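Engineer: Supplied in structure tokens, the structure appears directly below.
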2 protein chains.
Amino acid sequence: MRSSGPNLSIALIHYPVTNKNGDIIASAVTNLDLHDMARSAKTYGVRAFYAVTPLEDQKELAGKLVDHWVKGGGARYNPTRREALELVTIRDNLQQVIDEIGEINGRRPKTVVTSARPQDGSVTYGNLRQMLKAGAPCLMLFGTAWGLAPDCLVQADIILDPVRGTGQYNHLSVRSATAIILDRLLGNFA
Amino acid sequence: MRSSGPNLSIALIHYPVTNKNGDIIASAVTNLDLHDMARSAKTYGVRAFYAVTPLEDQKELAGKLVDHWVKGGGARYNPTRREALELVTIRDNLQQVIDEIGEINGRRPKTVVTSARPQDGSVTYGNLRQMLKAGAPCLMLFGTAWGLAPDCLVQADIILDPVRGTGQYNHLSVRSATAIILDRLLGNFA
């Protein structure tokens with residue numbers, strides 16, 4: 001992990017998330033989520049990208065996928081993909097991730113969530129950008145399927161404003177939402 | 001198509017693009033490119049999303065995929081996905097797309113490209129944002145595989161600054177790059 005610059009990590013949560021009917025489920029790991037989010041994370045200097053699932057077969061699948069690109073044939077075929085996927089760590093649950101980042105930094109990270117729906121007390125992108133500039137270790141959580149379980153939202157330290165476009169439509173993929181949020185928090189352009 | 005607001009369309013080019021060795025190729029249509037880019041386009045009020053390929057089998061595949069979500073079982077399963085994929089039109093080549101937008105608007109759109117490498121005479125996101133606010137019809141081109149063929153870059157009216165993150169790594173997926181660019185050009189947040 002790098003020791004200077006904003007101290008942001010991200011986690012892609014596969015449990016607990018909701019399905020279309022609002023039930024709490026464990027979702028399947030999606031190959032392209034790991035690739036796209038790792039590439040975005042690498043682009044914006046994110047320190048670590050945790051893929052969180054308690055399911056043994058999904059952990060194994062994700063592990064094989066990452067190994068292929070970090071140590072296997074993929075690493076030789078496309079070295080820039082290796083650089084991105086080296087950021088990926090697979091963990092059983094969110095608490096493990098929080099504890100791990102806490103140990104590395106000597107203090108517990110603030111957990112940050114977004115929701116497609118506006119929430120009371122949400123902070124702006126500018127607010128969080130300032131906190132990151134000030135060096136606060138933060139862990140941003142992204143939900144798969146129909147989004148993070150309500151408990152995850154309630155327990156988070158910080159609720160970030162929704163990503164809104166120009167109208168009412170708010171159904172970005174998690175891959176696109178991650179890219180946009182990292183650019184808003186860490187990007188620089190004229 | 002809508003008649004007010006910025007007049008931006010996007011095109012995902014599958015030919016002519018380059019492969020890893022710099023050869024000009026026709027790439028395969030990727031399911032998730034269409035989904036993610038359609039959802040981003042819908043989020044930011046993009047007027048149309050053209051998938052451009054001259055290959056008959058690829059046109060057929062893309063057509064089936066779009067039909068499933070616009071008219072078939074997918075439309076009933078997930079109506080918000082239908083709203084996004086309704087933006088997708090499949091065309092043989094870039095000239096067709098330019099002509100079509102020209103006919104709709106009564107004037108030829110300006111074509112816009114980005115490149116991962118800095119180019120002479122590139123315009124800033126702020127510049128292009130102002131042009132869009134002023135109502136200029138623009139068509140933004142995105143390349144699949146290893147990027148748009150050099151001829152596409154040379155012939156474009158406008159070269160937009162590269163998407164840069166915080167370091168030297170510049171290997172975003174086309175799905176992520178599209179999301180970030182649309183947010184920079186059309187997004188609003190605090």
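To be explicit about the labels: the chains of the structure tokens are called A, B, and onward in the order shown, and within each one the residues are counted from 1, while ligands get numbers from 1 in the order they are shown.
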What are the closest atom pairs, with distances in Å to one decimal, for each residue of chain B lying within 10 Å of chain A, using only C-alpha atoms, rows by chain and rising residue number, as CSV?

Structural biologist:
```
residue,atom,partner,partner_atom,distance
B:Gly5,CA,A:Thr166,CA,9.5
B:Lys20,CA,A:Asn78,CA,9.3
B:Leu32,CA,A:Leu32,CA,8.6
B:His35,CA,A:Ser173,CA,8.4
B:Asp36,CA,A:Ser173,CA,6.0
B:Met37,CA,A:Ser176,CA,8.5
B:Ala38,CA,A:Leu172,CA,9.1
B:Arg39,CA,A:Leu172,CA,5.5
B:Ser40,CA,A:Leu172,CA,5.9
B:Ala41,CA,A:Leu172,CA,9.3
B:Lys42,CA,A:Tyr169,CA,6.8
B:Thr43,CA,A:Gly165,CA,5.0
B:Tyr44,CA,A:Gly165,CA,4.7
B:Gly45,CA,A:Thr166,CA,6.1
B:Val46,CA,A:Thr166,CA,9.5
B:Tyr77,CA,A:Lys20,CA,9.7
B:Asn78,CA,A:Lys20,CA,9.3
B:Thr80,CA,A:His171,CA,7.2
B:Arg81,CA,A:His171,CA,8.1
B:Glu83,CA,A:Tyr169,CA,9.0
B:Ala84,CA,A:His171,CA,8.9
B:Val123,CA,A:Ala190,CA,9.1
B:Thr124,CA,A:Ala190,CA,5.5
B:Tyr125,CA,A:Ala190,CA,5.9
B:Gly126,CA,A:Ala190,CA,6.0
B:Asn127,CA,A:Ala190,CA,8.5
B:Asp161,CA,A:Phe189,CA,8.6
B:Pro162,CA,A:Phe189,CA,9.2
B:Val163,CA,A:Phe189,CA,7.9
B:Arg164,CA,A:Gly187,CA,7.3
B:Gly165,CA,A:Tyr44,CA,4.7
B:Thr166,CA,A:Tyr44,CA,5.0
B:Gly167,CA,A:Thr43,CA,6.7
B:Gln168,CA,A:Thr43,CA,7.7
B:Tyr169,CA,A:Thr43,CA,5.3
B:Asn170,CA,A:Thr43,CA,6.2
B:His171,CA,A:Arg39,CA,6.5
B:Leu172,CA,A:Arg39,CA,5.5
B:Ser173,CA,A:Asp36,CA,6.0
B:Val174,CA,A:Asp36,CA,9.2
B:Arg175,CA,A:Ser176,CA,6.7
B:Ser176,CA,A:Ser176,CA,5.3
B:Ala177,CA,A:Ala179,CA,7.6
B:Thr178,CA,A:Ser176,CA,8.2
B:Ala179,CA,A:Ser176,CA,5.5
B:Ile180,CA,A:Ile180,CA,5.0
B:Ile181,CA,A:Ile180,CA,8.6
B:Leu182,CA,A:Gly165,CA,8.9
B:Asp183,CA,A:Ile180,CA,6.7
B:Arg184,CA,A:Phe189,CA,8.6
B:Leu186,CA,A:Thr166,CA,7.2
B:Gly187,CA,A:Gly165,CA,5.4
B:Asn188,CA,A:Gly165,CA,7.0
B:Phe189,CA,A:Tyr125,CA,7.3
B:Ala190,CA,A:Thr124,CA,5.5
```

Engineer: Please identify which residues in range 5-187 of chain B DSSP calls strand (DSSP E or B) from the backbone, and express them as a PyMOL selection string.

Structural biologist: chain B and resi 8-13+17-18+24-25+49-52+88-91+110-114+123+138-143+148+158-160

Engineer: Just write the chosen residues, C-alpha atoms, as a PDB file, in the first residue's frame.

Structural biologist:
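See result_27.pdb below for the written result:
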```
ATOM      1  CA  LEU B   8     -24.968  14.790 -27.199  1.00  0.00           C
ATOM      2  CA  SER B   9     -25.009  11.353 -28.768  1.00  0.00           C
ATOM      3  CA  ILE B  10     -22.422   8.622 -28.280  1.00  0.00           C
ATOM      4  CA  ALA B  11     -21.127   5.859 -30.525  1.00  0.00           C
ATOM      5  CA  LEU B  12     -19.256   2.705 -29.562  1.00  0.00           C
ATOM      6  CA  ILE B  13     -17.013   1.788 -32.473  1.00  0.00           C
ATOM      7  CA  VAL B  17     -10.198  -0.155 -33.950  1.00  0.00           C
ATOM      8  CA  THR B  18      -6.724  -1.412 -33.098  1.00  0.00           C
ATOM      9  CA  ILE B  24      -6.767  -2.482 -37.569  1.00  0.00           C
ATOM     10  CA  ILE B  25      -9.489  -4.973 -36.625  1.00  0.00           C
ATOM     11  CA  PHE B  49     -26.248   5.491 -28.289  1.00  0.00           C
ATOM     12  CA  TYR B  50     -25.025   3.958 -31.547  1.00  0.00           C
ATOM     13  CA  ALA B  51     -23.304   0.581 -31.602  1.00  0.00           C
ATOM     14  CA  VAL B  52     -21.255   0.557 -34.808  1.00  0.00           C
ATOM     15  CA  VAL B  88     -29.349   1.825 -28.561  1.00  0.00           C
ATOM     16  CA  THR B  89     -29.283   1.834 -32.380  1.00  0.00           C
ATOM     17  CA  ILE B  90     -27.048  -0.497 -34.384  1.00  0.00           C
ATOM     18  CA  ARG B  91     -25.386   0.936 -37.486  1.00  0.00           C
ATOM     19  CA  LYS B 110     -19.226  17.730 -34.351  1.00  0.00           C
ATOM     20  CA  THR B 111     -17.392  14.461 -33.756  1.00  0.00           C
ATOM     21  CA  VAL B 112     -15.461  14.193 -30.504  1.00  0.00           C
ATOM     22  CA  VAL B 113     -12.801  11.641 -29.570  1.00  0.00           C
ATOM     23  CA  THR B 114     -10.626  11.035 -26.563  1.00  0.00           C
ATOM     24  CA  VAL B 123      -9.931  20.797 -25.631  1.00  0.00           C
ATOM     25  CA  CYS B 138     -22.020  16.557 -30.769  1.00  0.00           C
ATOM     26  CA  LEU B 139     -21.252  12.879 -31.323  1.00  0.00           C
ATOM     27  CA  MET B 140     -18.722  11.382 -28.947  1.00  0.00           C
ATOM     28  CA  LEU B 141     -16.854   8.304 -30.220  1.00  0.00           C
ATOM     29  CA  PHE B 142     -15.590   5.522 -27.985  1.00  0.00           C
ATOM     30  CA  GLY B 143     -13.290   2.763 -29.202  1.00  0.00           C
ATOM     31  CA  LEU B 148     -10.025   3.888 -32.130  1.00  0.00           C
ATOM     32  CA  ILE B 158     -12.646  17.766 -31.549  1.00  0.00           C
ATOM     33  CA  ILE B 159     -10.081  15.939 -29.455  1.00  0.00           C
ATOM     34  CA  LEU B 160     -11.023  15.973 -25.780  1.00  0.00           C
TER      35      LEU B 160
END
```

Engineer: Do you have the CA of Pro137 in chain A-CA of Val97 in chain A distance handy?

Structural biologist: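 It comes out at 12.7 Å.
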
Engineer: Counting only C-alpha atoms, what is within 10 Å of Thr53 in chain A, bar same-chain residues fewer than 4 positions away, as an MDAnalysis selection string?

Structural biologist: chainID A and resid 12:16 26:29 57:59 62 90:94

Engineer: Suppose we keep N, CA and C atoms; can you now write the selection as a PDB file, in the first residue's frame?

Structural biologist:
```
ATOM      1  N   LEU A  12     -16.312  -4.136  -2.553  1.00  0.00           N
ATOM      2  CA  LEU A  12     -17.496  -4.543  -3.304  1.00  0.00           C
ATOM      3  C   LEU A  12     -18.170  -5.664  -2.510  1.00  0.00           C
ATOM      4  N   ILE A  13     -19.368  -5.380  -2.042  1.00  0.00           N
ATOM      5  CA  ILE A  13     -20.062  -6.270  -1.105  1.00  0.00           C
ATOM      6  C   ILE A  13     -21.012  -7.199  -1.866  1.00  0.00           C
ATOM      7  N   HIS A  14     -20.819  -8.518  -1.666  1.00  0.00           N
ATOM      8  CA  HIS A  14     -21.716  -9.520  -2.262  1.00  0.00           C
ATOM      9  C   HIS A  14     -22.694 -10.090  -1.229  1.00  0.00           C
ATOM     10  N   TYR A  15     -22.452  -9.785   0.053  1.00  0.00           N
ATOM     11  CA  TYR A  15     -23.376 -10.114   1.136  1.00  0.00           C
ATOM     12  C   TYR A  15     -23.087  -9.188   2.293  1.00  0.00           C
ATOM     13  N   PRO A  16     -24.091  -8.606   2.947  1.00  0.00           N
ATOM     14  CA  PRO A  16     -25.522  -8.708   2.659  1.00  0.00           C
ATOM     15  C   PRO A  16     -25.979  -7.631   1.663  1.00  0.00           C
ATOM     16  N   ALA A  26     -26.931 -13.322  -0.845  1.00  0.00           N
ATOM     17  CA  ALA A  26     -25.517 -13.274  -1.237  1.00  0.00           C
ATOM     18  C   ALA A  26     -25.485 -13.369  -2.760  1.00  0.00           C
ATOM     19  N   SER A  27     -24.899 -12.381  -3.420  1.00  0.00           N
ATOM     20  CA  SER A  27     -24.862 -12.371  -4.885  1.00  0.00           C
ATOM     21  C   SER A  27     -23.621 -13.105  -5.389  1.00  0.00           C
ATOM     22  N   ALA A  28     -23.630 -13.457  -6.658  1.00  0.00           N
ATOM     23  CA  ALA A  28     -22.471 -14.110  -7.286  1.00  0.00           C
ATOM     24  C   ALA A  28     -21.426 -13.066  -7.670  1.00  0.00           C
ATOM     25  N   VAL A  29     -20.163 -13.466  -7.597  1.00  0.00           N
ATOM     26  CA  VAL A  29     -19.075 -12.594  -8.038  1.00  0.00           C
ATOM     27  C   VAL A  29     -19.121 -12.485  -9.566  1.00  0.00           C
ATOM     28  N   ASP A  57     -17.352 -21.168  -2.529  1.00  0.00           N
ATOM     29  CA  ASP A  57     -17.135 -21.378  -3.970  1.00  0.00           C
ATOM     30  C   ASP A  57     -16.887 -20.052  -4.689  1.00  0.00           C
ATOM     31  N   GLN A  58     -17.511 -18.987  -4.205  1.00  0.00           N
ATOM     32  CA  GLN A  58     -17.315 -17.676  -4.819  1.00  0.00           C
ATOM     33  C   GLN A  58     -15.936 -17.110  -4.481  1.00  0.00           C
ATOM     34  N   LYS A  59     -15.480 -17.362  -3.257  1.00  0.00           N
ATOM     35  CA  LYS A  59     -14.124 -16.939  -2.881  1.00  0.00           C
ATOM     36  C   LYS A  59     -13.092 -17.652  -3.752  1.00  0.00           C
ATOM     37  N   ALA A  62     -13.251 -16.224  -7.354  1.00  0.00           N
ATOM     38  CA  ALA A  62     -12.630 -14.893  -7.409  1.00  0.00           C
ATOM     39  C   ALA A  62     -11.114 -15.002  -7.259  1.00  0.00           C
ATOM     40  N   ILE A  90      -9.595 -10.720  -1.404  1.00  0.00           N
ATOM     41  CA  ILE A  90     -10.900 -11.334  -1.155  1.00  0.00           C
ATOM     42  C   ILE A  90     -11.049 -11.575   0.342  1.00  0.00           C
ATOM     43  N   ARG A  91     -12.164 -11.129   0.901  1.00  0.00           N
ATOM     44  CA  ARG A  91     -12.393 -11.293   2.340  1.00  0.00           C
ATOM     45  C   ARG A  91     -13.812 -11.793   2.589  1.00  0.00           C
ATOM     46  N   ASP A  92     -13.991 -12.418   3.767  1.00  0.00           N
ATOM     47  CA  ASP A  92     -15.275 -13.041   4.117  1.00  0.00           C
ATOM     48  C   ASP A  92     -16.378 -12.048   4.430  1.00  0.00           C
ATOM     49  N   ASN A  93     -16.007 -10.991   5.131  1.00  0.00           N
ATOM     50  CA  ASN A  93     -17.044 -10.058   5.579  1.00  0.00           C
ATOM     51  C   ASN A  93     -16.452  -8.670   5.811  1.00  0.00           C
ATOM     52  N   LEU A  94     -17.350  -7.722   5.941  1.00  0.00           N
ATOM     53  CA  LEU A  94     -16.949  -6.318   6.050  1.00  0.00           C
ATOM     54  C   LEU A  94     -16.110  -6.060   7.293  1.00  0.00           C
TER      55      LEU A  94
END
```

Engineer: Would you please extract all helix (DSSP H, G or I) residues from range 27-149 of chain A, as assigned by DSSP on the backbone, and give them as a VMD selection string?

Structural biologist: chain A and resid 31 to 43 56 to 70 73 to 77 79 to 85 94 to 105 125 to 133

Engineer: How many Å separate CA of Asp67 in chain A from CA of Leu87 in chain A?

Structural biologist: 11.6 Å
